[in-house]
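Below: the structure, in structure tokens.
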Amino acid sequence: MIAAISLPSIIGIIRKPEEYMEGKQNIGVMNRAQQAYQLENNSFANSLGKLMVGISPKTKNHKTSISLGEKAVFHHALAKKDKLKSYFGAVFLVPDKSFQNQLNTEAIICEVDFPLTKKPKHQNGVIACGANTINISH
């Protein structure tokens with residue numbers, strides 16, 4: 001009898017892995033696709049359609065978007081549910097350390113418990129997550 005009462009509450013607590021991985025995985029895919037797109041087109045894609053990665057801008061769990069910076073592109077996967085995390089990714093054009101006058105791309109993925117935060121940044125040759133976010137790049 002006790003198990004029958006507590007089982008539904010336990011089931012409600014169990015996380016569905018796909019819900020919790022979706023945003024992180026989508027940002028990783030978008031970062032890699034942007035690096036390839038930049039190499040082929042000498043520019044960043046300004047839409048998911050141009051990346052051709054099959055990621056929907058809106059899912060049950062996240063709202064995904066792209067914004068362009070001067071020498072960077074930013075990816076956002078904003079959680080639509082309180083218990084999910086939001087993710088920010090960025091791909092920056094940075095000076096190549098081996099070859100003068102050439103640029104390379106460097107990417108980062110940041111995780112945050114709430115959607116309103118600062119974007120990742122490239123400053124003094126270092127890529128870093130924005131305030132109140134955690135670098136989860138591997």
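Identifiers in the structure tokens: chain A, B, ... in order shown; residue index from 1 per chain; ligand index from 1 in order shown.
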Excluding same-chain residues fewer than 2 positions from stretch 69-81 of chain A, what lies within 7 Å of it counting only C-alpha atoms, as JSON, numbers by chain?
{"A": [23, 27, 44, 61, 62, 63, 64, 65, 66, 67, 83, 84, 85, 86, 87, 88, 89, 90, 91, 92, 93, 115]}
Write a file of the just-selected residues containing C-alpha atoms, as a PDB file, in the first residue's frame.
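What follows is the written file result36.pdb:
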```pdb
ATOM      1  CA  GLY A  23      19.758  21.468 -25.258  1.00  0.00           C
ATOM      2  CA  ILE A  27      24.312  23.413 -29.006  1.00  0.00           C
ATOM      3  CA  PHE A  44      28.717  32.156 -40.119  1.00  0.00           C
ATOM      4  CA  ASN A  61      11.946  21.393 -23.910  1.00  0.00           C
ATOM      5  CA  HIS A  62      13.946  24.250 -25.454  1.00  0.00           C
ATOM      6  CA  LYS A  63      13.689  27.264 -27.731  1.00  0.00           C
ATOM      7  CA  THR A  64      16.770  27.354 -29.955  1.00  0.00           C
ATOM      8  CA  SER A  65      18.124  30.389 -31.790  1.00  0.00           C
ATOM      9  CA  ILE A  66      21.209  31.868 -33.444  1.00  0.00           C
ATOM     10  CA  SER A  67      22.581  35.401 -33.197  1.00  0.00           C
ATOM     11  CA  LYS A  83      13.734  21.982 -13.974  1.00  0.00           C
ATOM     12  CA  LEU A  84      15.711  22.032 -17.222  1.00  0.00           C
ATOM     13  CA  LYS A  85      18.959  23.894 -17.816  1.00  0.00           C
ATOM     14  CA  SER A  86      19.581  26.399 -20.588  1.00  0.00           C
ATOM     15  CA  TYR A  87      22.671  26.268 -22.791  1.00  0.00           C
ATOM     16  CA  PHE A  88      24.665  28.857 -24.679  1.00  0.00           C
ATOM     17  CA  GLY A  89      27.248  28.091 -27.294  1.00  0.00           C
ATOM     18  CA  ALA A  90      29.545  30.268 -29.316  1.00  0.00           C
ATOM     19  CA  VAL A  91      32.019  29.918 -32.130  1.00  0.00           C
ATOM     20  CA  PHE A  92      34.624  32.664 -32.309  1.00  0.00           C
ATOM     21  CA  LEU A  93      37.038  33.633 -35.072  1.00  0.00           C
ATOM     22  CA  PRO A 115      17.865  31.618 -19.182  1.00  0.00           C
TER      23      PRO A 115
END
```
At a cut-off of 9 Å, can you tabulate as CSV every residue of stretch 13-85 of chain A near stretch 102-106 of chain A together with its closest atom pair and the distance in Å to one decimal, using only C-alpha atoms and ordering rows by chain then number?
```
residue,atom,partner,partner_atom,distance
A:Gln35,CA,A:Thr105,CA,6.3
A:Gln38,CA,A:Thr105,CA,8.3
A:Leu39,CA,A:Thr105,CA,8.7
A:Ala72,CA,A:Thr105,CA,8.9
```
For the residues in the current selection, export C-alpha atoms as a PDB file, in the first residue's frame.
```
ATOM      1  CA  GLN A  35      32.754  25.684 -37.730  1.00  0.00           C
ATOM      2  CA  GLN A  38      32.544  29.098 -41.689  1.00  0.00           C
ATOM      3  CA  LEU A  39      35.337  27.078 -43.291  1.00  0.00           C
ATOM      4  CA  ALA A  72      31.376  35.228 -33.495  1.00  0.00           C
TER       5      ALA A  72
END
```
Neighbour list for stretch 124-128 of chain A as a PyMOL selection string, cut-off 9 Å, only C-alpha atoms, skip fewer than 5 positions in-chain
chain A and resi 92+94-95+106-108+110+135
Go ahead and save the residues from that selection, with N, CA and C atoms, as a PDB file, in the first residue's frame.
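In the end it all went to part_14.pdb:
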```
ATOM      1  N   PHE A  92      33.901  31.406 -32.107  1.00  0.00           N
ATOM      2  CA  PHE A  92      34.624  32.664 -32.309  1.00  0.00           C
ATOM      3  C   PHE A  92      35.673  32.506 -33.401  1.00  0.00           C
ATOM      4  N   VAL A  94      39.262  33.476 -34.156  1.00  0.00           N
ATOM      5  CA  VAL A  94      40.397  33.910 -33.343  1.00  0.00           C
ATOM      6  C   VAL A  94      41.679  33.820 -34.174  1.00  0.00           C
ATOM      7  N   PRO A  95      42.661  34.649 -33.864  1.00  0.00           N
ATOM      8  CA  PRO A  95      43.930  34.585 -34.589  1.00  0.00           C
ATOM      9  C   PRO A  95      44.590  33.213 -34.427  1.00  0.00           C
ATOM     10  N   GLU A 106      37.144  28.739 -32.643  1.00  0.00           N
ATOM     11  CA  GLU A 106      37.152  28.079 -31.336  1.00  0.00           C
ATOM     12  C   GLU A 106      35.736  28.135 -30.797  1.00  0.00           C
ATOM     13  N   ALA A 107      35.310  27.026 -30.184  1.00  0.00           N
ATOM     14  CA  ALA A 107      33.932  26.925 -29.704  1.00  0.00           C
ATOM     15  C   ALA A 107      33.883  26.696 -28.201  1.00  0.00           C
ATOM     16  N   ILE A 108      32.739  27.047 -27.623  1.00  0.00           N
ATOM     17  CA  ILE A 108      32.512  26.851 -26.196  1.00  0.00           C
ATOM     18  C   ILE A 108      31.029  26.543 -25.985  1.00  0.00           C
ATOM     19  N   CYS A 110      28.232  26.597 -22.720  1.00  0.00           N
ATOM     20  CA  CYS A 110      28.026  27.033 -21.340  1.00  0.00           C
ATOM     21  C   CYS A 110      26.638  26.595 -20.870  1.00  0.00           C
ATOM     22  N   ASN A 135      31.290  26.452 -17.896  1.00  0.00           N
ATOM     23  CA  ASN A 135      31.869  25.919 -19.119  1.00  0.00           C
ATOM     24  C   ASN A 135      31.776  24.398 -19.075  1.00  0.00           C
TER      25      ASN A 135
END
```
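With distances taken over only C-alpha atoms, A:Lys118 is the one residue among A:Lys97, A:Lys24, A:Lys118, A:Lys60 lying closest to A:Ala131.
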List the neighbours of A:Ala45 out to 9 Å using only C-alpha atoms; skip same-chain residues closer than 4 positions along the sequence, and give me the result as a ChimeraX atom specification.
/A:34,37-38,41,49-51,66,68,73
